[in-house]
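Colleague: Structure file data-v5.pdb (PDB, C-alpha atoms) is given on the next line.
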```
MODEL        1
ATOM      1  CA  GLY A   1      -6.222 -23.031 -27.227
ATOM      2  CA  GLY A   2      -3.216 -25.304 -26.907
ATOM      3  CA  ALA A   3      -0.668 -22.485 -26.790
ATOM      4  CA  ALA A   4       2.352 -23.349 -24.719
ATOM      5  CA  ALA A   5       3.677 -19.989 -23.577
ATOM      6  CA  ALA A   6       4.620 -21.403 -20.178
ATOM      7  CA  PRO A   7       7.459 -19.753 -18.230
ATOM      8  CA  ALA A   8       9.821 -22.652 -19.053
ATOM      9  CA  LEU A   9       9.192 -22.213 -22.794
ATOM     10  CA  LEU A  10       9.621 -18.442 -22.627
ATOM     11  CA  ALA A  11      12.923 -18.873 -20.797
ATOM     12  CA  ALA A  12      14.111 -21.360 -23.429
ATOM     13  CA  GLN A  13      13.064 -19.038 -26.265
ATOM     14  CA  SER A  14      14.867 -16.137 -24.642
ATOM     15  CA  ALA A  15      18.023 -18.219 -24.170
ATOM     16  CA  LEU A  16      18.006 -19.419 -27.777
ATOM     17  CA  ALA A  17      17.357 -15.905 -29.086
ATOM     18  CA  LYS A  18      20.437 -14.594 -27.261
ATOM     19  CA  LYS A  19      22.784 -17.130 -28.855
ATOM     20  CA  ALA A  20      24.602 -15.956 -31.982
ATOM     21  CA  ASN A  21      24.102 -19.399 -33.515
ATOM     22  CA  PRO A  22      21.058 -20.852 -31.806
ATOM     23  CA  GLY A  23      21.978 -24.472 -32.426
ATOM     24  CA  LYS A  24      20.186 -24.927 -35.734
ATOM     25  CA  PRO A  25      22.762 -26.891 -37.714
ATOM     26  CA  GLY A  26      21.652 -25.609 -41.094
ATOM     27  CA  ALA A  27      25.198 -24.931 -42.229
ATOM     28  CA  GLN A  28      26.115 -28.595 -42.010
ATOM     29  CA  ARG A  29      23.165 -29.734 -44.087
ATOM     30  CA  VAL A  30      23.668 -31.048 -47.565
ATOM     31  CA  LYS A  31      22.069 -29.170 -50.435
ATOM     32  CA  ILE A  32      18.486 -30.313 -50.902
ATOM     33  CA  ASP A  33      16.688 -30.480 -54.223
ATOM     34  CA  VAL A  34      13.440 -28.527 -54.270
ATOM     35  CA  PRO A  35      10.527 -30.967 -54.620
ATOM     36  CA  LYS A  36       7.669 -30.266 -57.011
ATOM     37  CA  PRO A  37       4.477 -30.793 -54.971
ATOM     38  CA  VAL A  38       1.604 -32.614 -56.642
ATOM     39  CA  THR A  39      -0.880 -29.991 -57.823
ATOM     40  CA  ASN A  40      -3.146 -31.921 -60.202
ATOM     41  CA  LEU A  41      -4.390 -35.483 -59.921
ATOM     42  CA  ASP A  42      -6.664 -37.308 -62.346
ATOM     43  CA  LEU A  43      -9.519 -39.017 -60.576
ATOM     44  CA  ASN A  44     -10.335 -41.429 -63.407
ATOM     45  CA  GLY A  45     -13.501 -42.634 -61.703
ATOM     46  CA  ARG A  46     -11.778 -43.300 -58.400
ATOM     47  CA  ARG A  47     -13.288 -42.609 -54.996
ATOM     48  CA  LEU A  48     -12.216 -39.328 -53.356
ATOM     49  CA  VAL A  49     -12.050 -38.785 -49.589
ATOM     50  CA  ALA A  50     -11.253 -35.616 -47.616
ATOM     51  CA  VAL A  51     -10.126 -35.516 -43.974
ATOM     52  CA  GLY A  52     -10.148 -32.186 -42.139
ATOM     53  CA  ASP A  53      -7.806 -30.572 -39.602
ATOM     54  CA  ILE A  54      -6.175 -33.011 -37.164
ATOM     55  CA  HIS A  55      -4.111 -30.784 -34.842
ATOM     56  CA  GLY A  56      -1.865 -33.343 -33.218
ATOM     57  CA  ASP A  57      -4.597 -35.741 -32.046
ATOM     58  CA  PHE A  58      -3.430 -39.209 -33.107
ATOM     59  CA  ALA A  59      -6.424 -41.145 -31.739
ATOM     60  CA  GLN A  60      -8.973 -38.901 -33.473
ATOM     61  CA  ALA A  61      -6.970 -39.001 -36.715
ATOM     62  CA  MET A  62      -7.007 -42.814 -36.660
ATOM     63  CA  LYS A  63     -10.792 -42.781 -36.097
ATOM     64  CA  ALA A  64     -11.214 -40.505 -39.123
ATOM     65  CA  LEU A  65      -9.027 -42.758 -41.290
ATOM     66  CA  GLU A  66     -10.958 -45.874 -40.255
ATOM     67  CA  LEU A  67     -14.236 -44.037 -40.862
ATOM     68  CA  SER A  68     -13.025 -43.212 -44.377
ATOM     69  CA  LYS A  69     -12.628 -46.956 -45.060
ATOM     70  CA  CYS A  70      -9.068 -46.201 -46.175
ATOM     71  CA  MET A  71      -7.378 -47.763 -43.144
ATOM     72  CA  ASP A  72      -8.210 -50.829 -41.057
ATOM     73  CA  SER A  73      -8.013 -51.123 -37.264
ATOM     74  CA  GLU A  74      -4.424 -52.372 -37.559
ATOM     75  CA  GLY A  75      -3.365 -49.206 -39.388
ATOM     76  CA  LYS A  76      -3.032 -50.721 -42.866
ATOM     77  CA  TRP A  77      -4.264 -49.162 -46.120
ATOM     78  CA  ILE A  78      -7.495 -50.789 -47.315
ATOM     79  CA  GLY A  79      -8.656 -47.935 -49.566
ATOM     80  CA  GLY A  80      -7.617 -49.604 -52.820
ATOM     81  CA  THR A  81      -7.527 -46.945 -55.547
ATOM     82  CA  THR A  82      -9.088 -44.222 -53.358
ATOM     83  CA  VAL A  83      -7.593 -40.727 -53.422
ATOM     84  CA  LEU A  84      -7.345 -39.510 -49.816
ATOM     85  CA  VAL A  85      -6.642 -35.815 -49.158
ATOM     86  CA  GLN A  86      -5.871 -34.412 -45.708
ATOM     87  CA  VAL A  87      -6.521 -30.670 -45.925
ATOM     88  CA  GLY A  88      -3.699 -29.455 -43.649
ATOM     89  CA  ASP A  89      -3.158 -28.490 -40.000
ATOM     90  CA  ILE A  90      -1.712 -31.725 -38.697
ATOM     91  CA  LEU A  91       0.475 -29.495 -36.528
ATOM     92  CA  ASP A  92      -0.188 -27.621 -33.258
ATOM     93  CA  ARG A  93      -2.633 -27.910 -30.364
ATOM     94  CA  GLY A  94      -1.919 -31.645 -29.859
ATOM     95  CA  ASP A  95       0.923 -33.869 -28.685
ATOM     96  CA  ASN A  96       1.421 -36.442 -31.489
ATOM     97  CA  GLU A  97       2.198 -34.516 -34.659
ATOM     98  CA  LEU A  98       5.267 -36.462 -35.806
ATOM     99  CA  ALA A  99       3.499 -39.793 -35.254
ATOM    100  CA  ILE A 100       0.607 -38.577 -37.425
ATOM    101  CA  MET A 101       2.965 -37.344 -40.141
ATOM    102  CA  ARG A 102       4.731 -40.705 -40.148
ATOM    103  CA  LYS A 103       1.405 -42.591 -40.341
ATOM    104  CA  PHE A 104       0.287 -40.605 -43.403
ATOM    105  CA  GLN A 105       3.680 -41.199 -45.022
ATOM    106  CA  LYS A 106       3.294 -44.955 -44.496
ATOM    107  CA  LEU A 107      -0.274 -44.949 -45.822
ATOM    108  CA  ALA A 108       0.833 -42.964 -48.905
ATOM    109  CA  LYS A 109       3.356 -45.676 -49.733
ATOM    110  CA  GLU A 110       0.828 -48.481 -49.263
ATOM    111  CA  ALA A 111      -1.837 -46.589 -51.244
ATOM    112  CA  LYS A 112       0.537 -46.048 -54.173
ATOM    113  CA  GLU A 113       1.150 -49.805 -54.374
ATOM    114  CA  ALA A 114      -2.631 -50.371 -54.565
ATOM    115  CA  GLY A 115      -3.248 -47.699 -57.216
ATOM    116  CA  GLY A 116      -4.454 -45.113 -54.722
ATOM    117  CA  ASP A 117      -3.086 -41.765 -53.606
ATOM    118  CA  VAL A 118      -2.658 -40.053 -50.250
ATOM    119  CA  VAL A 119      -1.965 -36.307 -50.300
ATOM    120  CA  VAL A 120      -1.330 -34.267 -47.153
ATOM    121  CA  MET A 121      -1.664 -30.512 -47.624
ATOM    122  CA  ASN A 122      -0.029 -27.590 -45.877
ATOM    123  CA  GLY A 123      -2.296 -25.451 -43.723
ATOM    124  CA  ASN A 124      -1.622 -22.204 -41.899
ATOM    125  CA  HIS A 125      -0.153 -24.068 -38.928
ATOM    126  CA  GLU A 126       2.432 -25.794 -41.133
ATOM    127  CA  ILE A 127       3.384 -22.383 -42.544
ATOM    128  CA  MET A 128       3.557 -20.898 -39.026
ATOM    129  CA  ASN A 129       5.912 -23.588 -37.762
ATOM    130  CA  VAL A 130       8.340 -23.213 -40.664
ATOM    131  CA  MET A 131       8.310 -19.476 -39.858
ATOM    132  CA  GLY A 132       9.304 -20.328 -36.292
ATOM    133  CA  ASP A 133       5.914 -19.384 -34.805
ATOM    134  CA  PHE A 134       5.506 -22.008 -32.072
ATOM    135  CA  ARG A 135       2.719 -20.312 -30.076
ATOM    136  CA  TYR A 136       0.372 -23.256 -30.437
ATOM    137  CA  VAL A 137       2.882 -26.062 -29.870
ATOM    138  CA  THR A 138       1.989 -28.101 -26.781
ATOM    139  CA  LYS A 139       4.426 -29.215 -24.118
ATOM    140  CA  GLY A 140       3.867 -32.791 -25.303
ATOM    141  CA  ALA A 141       4.715 -31.857 -28.896
ATOM    142  CA  PHE A 142       7.967 -30.190 -27.837
ATOM    143  CA  GLY A 143       8.748 -33.431 -26.002
ATOM    144  CA  GLU A 144       7.976 -35.497 -29.107
ATOM    145  CA  CYS A 145      10.422 -33.338 -31.098
ATOM    146  CA  ARG A 146      13.112 -33.689 -28.441
ATOM    147  CA  ARG A 147      12.784 -37.490 -28.407
ATOM    148  CA  TRP A 148      12.825 -37.611 -32.233
ATOM    149  CA  VAL A 149      16.063 -35.602 -32.454
ATOM    150  CA  GLU A 150      17.654 -37.561 -29.579
ATOM    151  CA  LYS A 151      16.949 -40.868 -31.368
ATOM    152  CA  ARG A 152      18.244 -39.502 -34.671
ATOM    153  CA  ARG A 153      21.395 -38.266 -32.978
ATOM    154  CA  ALA A 154      21.907 -41.647 -31.255
ATOM    155  CA  ARG A 155      21.652 -43.413 -34.636
ATOM    156  CA  GLU A 156      24.197 -41.015 -36.121
ATOM    157  CA  ALA A 157      26.569 -41.515 -33.165
ATOM    158  CA  GLU A 158      26.303 -45.285 -33.512
ATOM    159  CA  LYS A 159      27.054 -45.064 -37.218
ATOM    160  CA  LEU A 160      29.732 -42.348 -37.237
ATOM    161  CA  GLY A 161      31.084 -42.392 -33.690
ATOM    162  CA  GLU A 162      30.140 -39.941 -30.931
ATOM    163  CA  GLU A 163      33.146 -37.726 -31.660
ATOM    164  CA  ASN A 164      31.907 -37.152 -35.234
ATOM    165  CA  VAL A 165      28.429 -35.982 -34.256
ATOM    166  CA  GLU A 166      27.828 -32.343 -33.400
ATOM    167  CA  PRO A 167      27.419 -31.979 -29.623
ATOM    168  CA  LEU A 168      24.183 -30.633 -28.226
ATOM    169  CA  PRO A 169      24.388 -26.998 -27.129
ATOM    170  CA  PRO A 170      24.839 -26.505 -23.365
ATOM    171  CA  VAL A 171      21.724 -25.601 -21.409
ATOM    172  CA  PRO A 172      21.860 -21.994 -20.142
ATOM    173  CA  ASP A 173      21.301 -21.194 -16.479
ATOM    174  CA  GLY A 174      17.718 -20.811 -15.408
ATOM    175  CA  VAL A 175      16.306 -23.047 -18.170
ATOM    176  CA  THR A 176      15.203 -26.644 -17.729
ATOM    177  CA  PRO A 177      16.920 -29.126 -20.100
ATOM    178  CA  ASN A 178      13.601 -30.536 -21.358
ATOM    179  CA  SER A 179      12.247 -27.098 -22.276
ATOM    180  CA  TYR A 180      15.486 -25.968 -23.863
ATOM    181  CA  TYR A 181      16.086 -29.105 -25.919
ATOM    182  CA  GLY A 182      12.399 -29.352 -26.813
ATOM    183  CA  LEU A 183      12.507 -25.909 -28.389
ATOM    184  CA  TRP A 184      15.951 -26.530 -29.898
ATOM    185  CA  ALA A 185      14.657 -29.746 -31.488
ATOM    186  CA  ARG A 186      11.539 -28.004 -32.772
ATOM    187  CA  ARG A 187      13.673 -25.403 -34.519
ATOM    188  CA  ASP A 188      15.991 -28.076 -35.886
ATOM    189  CA  LEU A 189      13.082 -30.046 -37.364
ATOM    190  CA  PHE A 190      10.766 -27.301 -38.607
ATOM    191  CA  LEU A 191      12.719 -24.203 -39.601
ATOM    192  CA  PRO A 192      13.534 -24.001 -43.353
ATOM    193  CA  GLY A 193      15.830 -26.857 -44.350
ATOM    194  CA  GLY A 194      14.950 -28.900 -41.255
ATOM    195  CA  GLU A 195      13.964 -32.559 -41.520
ATOM    196  CA  MET A 196      10.202 -32.004 -41.155
ATOM    197  CA  ALA A 197      10.187 -28.783 -43.185
ATOM    198  CA  VAL A 198      11.786 -30.717 -46.046
ATOM    199  CA  LYS A 199       9.134 -33.444 -45.756
ATOM    200  CA  MET A 200       6.349 -30.833 -45.781
ATOM    201  CA  ALA A 201       7.897 -29.142 -48.819
ATOM    202  CA  SER A 202       6.483 -31.988 -50.927
ATOM    203  CA  ASN A 203       2.946 -31.154 -49.770
ATOM    204  CA  PRO A 204       0.784 -28.738 -51.788
ATOM    205  CA  CYS A 205      -1.075 -25.679 -50.498
ATOM    206  CA  VAL A 206      -3.531 -25.915 -53.402
ATOM    207  CA  LEU A 207      -4.568 -29.119 -55.161
ATOM    208  CA  GLN A 208      -7.028 -30.066 -57.892
ATOM    209  CA  VAL A 209      -8.328 -33.631 -58.073
ATOM    210  CA  GLY A 210     -10.644 -34.016 -61.038
ATOM    211  CA  ASP A 211     -13.423 -31.456 -60.597
ATOM    212  CA  THR A 212     -12.630 -30.772 -56.919
ATOM    213  CA  VAL A 213     -10.176 -28.113 -55.709
ATOM    214  CA  PHE A 214      -8.631 -28.347 -52.247
ATOM    215  CA  ALA A 215      -7.143 -25.485 -50.244
ATOM    216  CA  HIS A 216      -6.778 -25.273 -46.494
ATOM    217  CA  ALA A 217      -8.758 -22.012 -46.344
ATOM    218  CA  GLY A 218      -9.813 -21.015 -49.866
ATOM    219  CA  ILE A 219      -8.981 -19.690 -53.321
ATOM    220  CA  THR A 220      -9.809 -16.683 -55.453
ATOM    221  CA  GLU A 221      -9.326 -16.022 -59.145
ATOM    222  CA  ASN A 222      -6.070 -14.237 -58.220
ATOM    223  CA  HIS A 223      -4.645 -17.553 -57.012
ATOM    224  CA  VAL A 224      -5.760 -19.278 -60.206
ATOM    225  CA  ASP A 225      -4.110 -16.550 -62.287
ATOM    226  CA  TYR A 226      -0.897 -16.776 -60.237
ATOM    227  CA  GLY A 227      -0.821 -20.522 -60.889
ATOM    228  CA  PHE A 228      -1.375 -23.316 -58.367
ATOM    229  CA  GLN A 229       1.832 -25.101 -59.377
ATOM    230  CA  ARG A 230       3.867 -21.897 -59.150
ATOM    231  CA  LEU A 231       2.447 -21.177 -55.690
ATOM    232  CA  ASN A 232       3.180 -24.714 -54.474
ATOM    233  CA  ASN A 233       6.695 -24.683 -55.950
ATOM    234  CA  GLU A 234       7.536 -21.381 -54.248
ATOM    235  CA  VAL A 235       6.350 -22.637 -50.858
ATOM    236  CA  ALA A 236       8.464 -25.773 -51.378
ATOM    237  CA  ALA A 237      11.550 -23.702 -52.253
ATOM    238  CA  TRP A 238      11.093 -21.695 -49.047
ATOM    239  CA  MET A 239      10.583 -24.777 -46.853
ATOM    240  CA  VAL A 240      13.783 -26.443 -48.037
ATOM    241  CA  GLY A 241      15.682 -23.207 -47.395
ATOM    242  CA  LYS A 242      16.309 -22.110 -50.978
ATOM    243  CA  ASN A 243      14.028 -19.037 -50.943
ATOM    244  CA  SER A 244      14.110 -16.649 -47.999
ATOM    245  CA  GLN A 245      10.342 -16.014 -48.048
ATOM    246  CA  PRO A 246       7.217 -17.917 -49.121
ATOM    247  CA  PRO A 247       4.848 -16.305 -51.649
ATOM    248  CA  LYS A 248       2.479 -13.678 -50.246
ATOM    249  CA  HIS A 249      -0.477 -15.985 -50.967
ATOM    250  CA  VAL A 250       0.296 -18.044 -47.851
ATOM    251  CA  LEU A 251       0.938 -15.008 -45.647
ATOM    252  CA  GLU A 252      -1.885 -12.559 -46.347
ATOM    253  CA  GLU A 253      -5.154 -12.538 -44.429
ATOM    254  CA  LYS A 254      -7.194 -13.511 -47.498
ATOM    255  CA  GLY A 255      -4.605 -16.062 -48.640
ATOM    256  CA  VAL A 256      -5.045 -19.756 -49.424
ATOM    257  CA  VAL A 257      -4.284 -20.938 -45.872
ATOM    258  CA  TRP A 258      -5.773 -18.010 -43.917
ATOM    259  CA  THR A 259      -9.038 -16.659 -45.345
ATOM    260  CA  ARG A 260     -12.246 -17.174 -43.354
ATOM    261  CA  ASP A 261     -14.446 -16.131 -46.293
ATOM    262  CA  TYR A 262     -15.542 -19.710 -46.968
ATOM    263  CA  GLY A 263     -15.895 -20.704 -43.311
ATOM    264  CA  GLY A 264     -19.621 -19.957 -43.132
ATOM    265  CA  ALA A 265     -21.192 -18.595 -39.971
ATOM    266  CA  GLU A 266     -18.350 -20.108 -37.891
ATOM    267  CA  GLY A 267     -15.972 -17.901 -39.883
ATOM    268  CA  GLY A 268     -17.887 -14.807 -38.810
ATOM    269  CA  ASN A 269     -19.697 -14.402 -42.136
ATOM    270  CA  LYS A 270     -23.220 -12.984 -41.903
ATOM    271  CA  SER A 271     -23.726 -13.281 -45.657
ATOM    272  CA  GLU A 272     -22.074 -15.616 -48.152
ATOM    273  CA  ALA A 273     -23.125 -13.825 -51.325
ATOM    274  CA  ALA A 274     -19.879 -11.930 -51.993
ATOM    275  CA  ALA A 275     -17.707 -14.956 -51.127
ATOM    276  CA  CYS A 276     -19.832 -17.218 -53.322
ATOM    277  CA  LYS A 277     -19.415 -14.851 -56.260
ATOM    278  CA  ARG A 278     -15.613 -14.889 -55.818
ATOM    279  CA  LEU A 279     -15.634 -18.667 -55.454
ATOM    280  CA  THR A 280     -17.730 -19.153 -58.607
ATOM    281  CA  GLU A 281     -15.257 -17.020 -60.578
ATOM    282  CA  ALA A 282     -12.320 -19.012 -59.227
ATOM    283  CA  LEU A 283     -13.940 -22.398 -59.873
ATOM    284  CA  ASP A 284     -14.972 -21.381 -63.385
ATOM    285  CA  ALA A 285     -11.342 -20.468 -64.083
ATOM    286  CA  THR A 286     -10.202 -23.949 -62.964
ATOM    287  CA  GLY A 287     -13.038 -25.919 -64.556
ATOM    288  CA  ALA A 288     -13.845 -27.412 -61.149
ATOM    289  CA  LYS A 289     -17.278 -27.815 -59.561
ATOM    290  CA  ARG A 290     -16.432 -27.500 -55.895
ATOM    291  CA  LEU A 291     -13.867 -26.409 -53.299
ATOM    292  CA  ILE A 292     -13.080 -28.372 -50.118
ATOM    293  CA  VAL A 293     -11.572 -26.432 -47.212
ATOM    294  CA  GLY A 294     -10.639 -26.969 -43.578
ATOM    295  CA  HIS A 295      -9.350 -24.185 -41.301
ATOM    296  CA  THR A 296     -12.592 -22.996 -39.688
ATOM    297  CA  PRO A 297     -13.926 -25.567 -37.187
ATOM    298  CA  GLN A 298     -17.596 -26.369 -37.721
ATOM    299  CA  GLN A 299     -19.170 -27.100 -34.342
ATOM    300  CA  LYS A 300     -22.154 -28.864 -35.907
ATOM    301  CA  GLY A 301     -20.057 -30.943 -38.287
ATOM    302  CA  ILE A 302     -19.230 -30.952 -41.989
ATOM    303  CA  ASN A 303     -21.506 -28.750 -44.093
ATOM    304  CA  SER A 304     -21.645 -26.989 -47.439
ATOM    305  CA  GLY A 305     -22.314 -23.506 -48.761
ATOM    306  CA  CYS A 306     -22.710 -21.593 -52.006
ATOM    307  CA  GLY A 307     -25.147 -24.198 -53.343
ATOM    308  CA  GLY A 308     -22.701 -27.063 -52.817
ATOM    309  CA  LYS A 309     -19.703 -25.245 -54.288
ATOM    310  CA  VAL A 310     -17.820 -25.178 -50.969
ATOM    311  CA  TRP A 311     -17.559 -28.003 -48.433
ATOM    312  CA  ARG A 312     -16.177 -27.384 -44.939
ATOM    313  CA  SER A 313     -14.304 -30.412 -43.639
ATOM    314  CA  ASP A 314     -12.950 -29.207 -40.283
ATOM    315  CA  THR A 315     -15.110 -30.695 -37.535
ATOM    316  CA  GLY A 316     -12.782 -29.586 -34.727
ATOM    317  CA  MET A 317     -12.072 -33.268 -34.039
ATOM    318  CA  SER A 318      -8.829 -32.633 -32.143
ATOM    319  CA  ARG A 319      -9.186 -32.507 -28.399
ATOM    320  CA  GLY A 320      -7.062 -29.349 -28.685
ATOM    321  CA  ILE A 321     -10.096 -27.750 -30.418
ATOM    322  CA  TYR A 322     -13.552 -29.206 -29.626
ATOM    323  CA  GLY A 323     -12.890 -32.955 -29.500
ATOM    324  CA  ASN A 324     -15.874 -33.454 -31.805
ATOM    325  CA  THR A 325     -16.744 -36.803 -33.389
ATOM    326  CA  PRO A 326     -14.724 -37.244 -36.596
ATOM    327  CA  GLN A 327     -16.469 -36.991 -39.957
ATOM    328  CA  VAL A 328     -15.034 -37.224 -43.458
ATOM    329  CA  ILE A 329     -16.184 -36.234 -46.950
ATOM    330  CA  GLU A 330     -16.587 -38.902 -49.625
ATOM    331  CA  ILE A 331     -17.110 -38.192 -53.335
ATOM    332  CA  VAL A 332     -18.052 -41.015 -55.668
ATOM    333  CA  ASN A 333     -19.009 -40.297 -59.302
ATOM    334  CA  GLY A 334     -19.601 -36.640 -58.471
ATOM    335  CA  ARG A 335     -21.886 -37.384 -55.515
ATOM    336  CA  VAL A 336     -20.759 -35.848 -52.209
ATOM    337  CA  ARG A 337     -21.563 -37.628 -48.964
ATOM    338  CA  ILE A 338     -20.664 -37.014 -45.324
ATOM    339  CA  LEU A 339     -19.444 -40.127 -43.514
ATOM    340  CA  SER A 340     -20.117 -40.058 -39.774
ATOM    341  CA  ALA A 341     -19.205 -42.527 -37.035
TER     342      ALA A 341
ENDMDL
END
```
Do you think you could lay out the structure here as structure tokens?
Modeller:
Amino acid sequence: GGAAAAPALLAAQSALAKKANPGKPGAQRVKIDVPKPVTNLDLNGRRLVAVGDIHGDFAQAMKALELSKCMDSEGKWIGGTTVLVQVGDILDRGDNELAIMRKFQKLAKEAKEAGGDVVVMNGNHEIMNVMGDFRYVTKGAFGECRRWVEKRRAREAEKLGEENVEPLPPVPDGVTPNSYYGLWARRDLFLPGGEMAVKMASNPCVLQVGDTVFAHAGITENHVDYGFQRLNNEVAAWMVGKNSQPPKHVLEEKGVVWTRDYGGAEGGNKSEAAACKRLTEALDATGAKRLIVGHTPQQKGINSGCGGKVWRSDTGMSRGIYGNTPQVIEIVNGRVRILSA
């Protein structure tokens, strides 16, 4: 659901594809240092909270954050020293992705000042967008990108003078300006080296907080052997435009942002035994007790498998999925609880 392959979008994509230089001003960008995403965090007795897939639904995301007791009704951080992890897939299927990204950025700053941490992870939809796969971008999200780039360009023109700012590409015949500039802006923001791709480069694909491992879809012992930090660093290098490809672990079907093996019955798994064996091996190699994933929406809400070794946080809260009531996972002193509205 939420795919936006409308005729206007297809026409804009076709027009951009035909241009030799499709208006992505990567050449003018300054060289960007490759960030080193956080991969390990000490819990030190702090409270740990996990929020599942958001998919562009600002209102539902705010409900989840309030439910977590990390944010008040005015949008301010009240979580104290809590570690809050969002497991990826802020992007696609909803209209307010950039607003959500900005809100998490603001909360991360406020949390840091209070001794807390906010970590947003990359899911498969973040990877897809940096690859230029916009199948699940809504019309509203293209519009949000267009407005973002227009405002940024206006600020640059005010600062540098209109004549010193690169002009927007002309709109080809047969394409509406909104569709064309929406797609152009999306490419500008999310392709490698773009403003949002660079922001997402700081986000991990795999994270360990105390005795809990987070991955959007799952881990195996192969990922542990490869190295979580190495995997995260290589994704970051690709997102900022330094490496031409991300590591295979975020592309393959059984990779850290794609596998359905830990998604339970909703992931099409009749039996968990084989997946649980692989998970136990992976967790033993990390010294962790549990894995928290998103990725596979759970129609009946957050649940666990493999004797509590995997927790599934994606409730399908976005109205681009099921519009289910938000829930979040809370871990205090090793005890896992589901918080429901």
Colleague: Under the rule that only C-alpha atoms are counted, which of A:Thr280, A:Ser202, A:Ser340, A:Thr315 is the nearest residue to Pro37 of chain A?
Modeller: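 Going through A:Thr280, A:Ser202, A:Ser340, A:Thr315 one by one, the smallest distance to Pro37 of chain A is for A:Ser202.
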Colleague: Neighbours of Ser313 of chain A within 8 Å (all atoms listed in the file; same-chain residues fewer than 6 positions away dropped), as a list in words?
Modeller: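 Result of the neighbour search: Ala50, Val51, Gly52, Asp53, Ile292, Val293, Gly294, Gln298, Gly301, Ile302, Asn303, Gln327, Val328 and Ile329 of chain A.
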Colleague: For a quick check of understanding, using all atoms listed in the file, which of A:Asn129, A:Asn124, A:Ser318, A:Asn269 has the smallest distance to Phe190 of chain A?
Modeller: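 Closest to Phe190 of chain A of all the choices is A:Asn129.
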Colleague: Please evaluate the PyMOL selection byres ((chain A and resi 259) around 10) against the displayed coordinates and give the resulting residues as a PDB file with C-alpha atoms, in the coordinates of the input.
Modeller:
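Once everything was written out, this is part.pdb:
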```
ATOM      1  CA  ASN A 124      -1.622 -22.204 -41.899  1.00  0.00           C
ATOM      2  CA  HIS A 216      -6.778 -25.273 -46.494  1.00  0.00           C
ATOM      3  CA  ALA A 217      -8.758 -22.012 -46.344  1.00  0.00           C
ATOM      4  CA  GLY A 218      -9.813 -21.015 -49.866  1.00  0.00           C
ATOM      5  CA  ILE A 219      -8.981 -19.690 -53.321  1.00  0.00           C
ATOM      6  CA  VAL A 250       0.296 -18.044 -47.851  1.00  0.00           C
ATOM      7  CA  GLU A 252      -1.885 -12.559 -46.347  1.00  0.00           C
ATOM      8  CA  GLU A 253      -5.154 -12.538 -44.429  1.00  0.00           C
ATOM      9  CA  LYS A 254      -7.194 -13.511 -47.498  1.00  0.00           C
ATOM     10  CA  GLY A 255      -4.605 -16.062 -48.640  1.00  0.00           C
ATOM     11  CA  VAL A 256      -5.045 -19.756 -49.424  1.00  0.00           C
ATOM     12  CA  VAL A 257      -4.284 -20.938 -45.872  1.00  0.00           C
ATOM     13  CA  TRP A 258      -5.773 -18.010 -43.917  1.00  0.00           C
ATOM     14  CA  ARG A 260     -12.246 -17.174 -43.354  1.00  0.00           C
ATOM     15  CA  ASP A 261     -14.446 -16.131 -46.293  1.00  0.00           C
ATOM     16  CA  TYR A 262     -15.542 -19.710 -46.968  1.00  0.00           C
ATOM     17  CA  GLY A 263     -15.895 -20.704 -43.311  1.00  0.00           C
ATOM     18  CA  GLY A 267     -15.972 -17.901 -39.883  1.00  0.00           C
ATOM     19  CA  HIS A 295      -9.350 -24.185 -41.301  1.00  0.00           C
ATOM     20  CA  THR A 296     -12.592 -22.996 -39.688  1.00  0.00           C
TER      21      THR A 296
END
```
Colleague: Given the file above and the PyMOL selection byres ((chain A and resi 123) around 7), which residues are selected, and can you give them as a list in words?
Modeller: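 Selection result, ordered by chain and number: Gly88, Asp89, Met121, Asn122, Asn124, His125, Glu126, Ile127, Cys205, His216 and Val257 of chain A.
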Colleague: Translate the PyMOL selection byres ((chain A and resi 46) around 10) into a concrete residue list for this structure, as an mmCIF file with C-alpha atoms, in the frame of the given file.
Modeller:
```cif
data_model
loop_
_atom_site.group_PDB
_atom_site.id
_atom_site.type_symbol
_atom_site.label_atom_id
_atom_site.label_comp_id
_atom_site.auth_asym_id
_atom_site.auth_seq_id
_atom_site.Cartn_x
_atom_site.Cartn_y
_atom_site.Cartn_z
ATOM 1 C CA ASP A 42 -6.664 -37.308 -62.346
ATOM 2 C CA LEU A 43 -9.519 -39.017 -60.576
ATOM 3 C CA ASN A 44 -10.335 -41.429 -63.407
ATOM 4 C CA GLY A 45 -13.501 -42.634 -61.703
ATOM 5 C CA ARG A 47 -13.288 -42.609 -54.996
ATOM 6 C CA LEU A 48 -12.216 -39.328 -53.356
ATOM 7 C CA VAL A 49 -12.050 -38.785 -49.589
ATOM 8 C CA GLY A 80 -7.617 -49.604 -52.820
ATOM 9 C CA THR A 81 -7.527 -46.945 -55.547
ATOM 10 C CA THR A 82 -9.088 -44.222 -53.358
ATOM 11 C CA VAL A 83 -7.593 -40.727 -53.422
ATOM 12 C CA GLY A 115 -3.248 -47.699 -57.216
ATOM 13 C CA GLY A 116 -4.454 -45.113 -54.722
ATOM 14 C CA GLY A 210 -10.644 -34.016 -61.038
ATOM 15 C CA ILE A 331 -17.110 -38.192 -53.335
ATOM 16 C CA VAL A 332 -18.052 -41.015 -55.668
ATOM 17 C CA ASN A 333 -19.009 -40.297 -59.302
#
```
Colleague: Take atom CA of Ala288 of chain A and atom CA of Val224 of chain A and report the distance between them in Å, one decimal.
Modeller: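 Between these atoms lies a distance of 11.5 Å.
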Colleague: Which value, in Å to one decimal, gives the distance between atom CA of Asp57 of chain A and atom CA of Leu84 of chain A?
Modeller: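 The value is 18.4 Å.
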Colleague: Do a neighbour search on Asp225 of chain A at 10 Å with all atoms listed in the file, toss out local chain neighbours closer than 4 positions, and write the hits as a list in words.
Modeller: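 The residues that qualify are Thr220, Glu221, Ala282, Ala285 and Thr286 of chain A.
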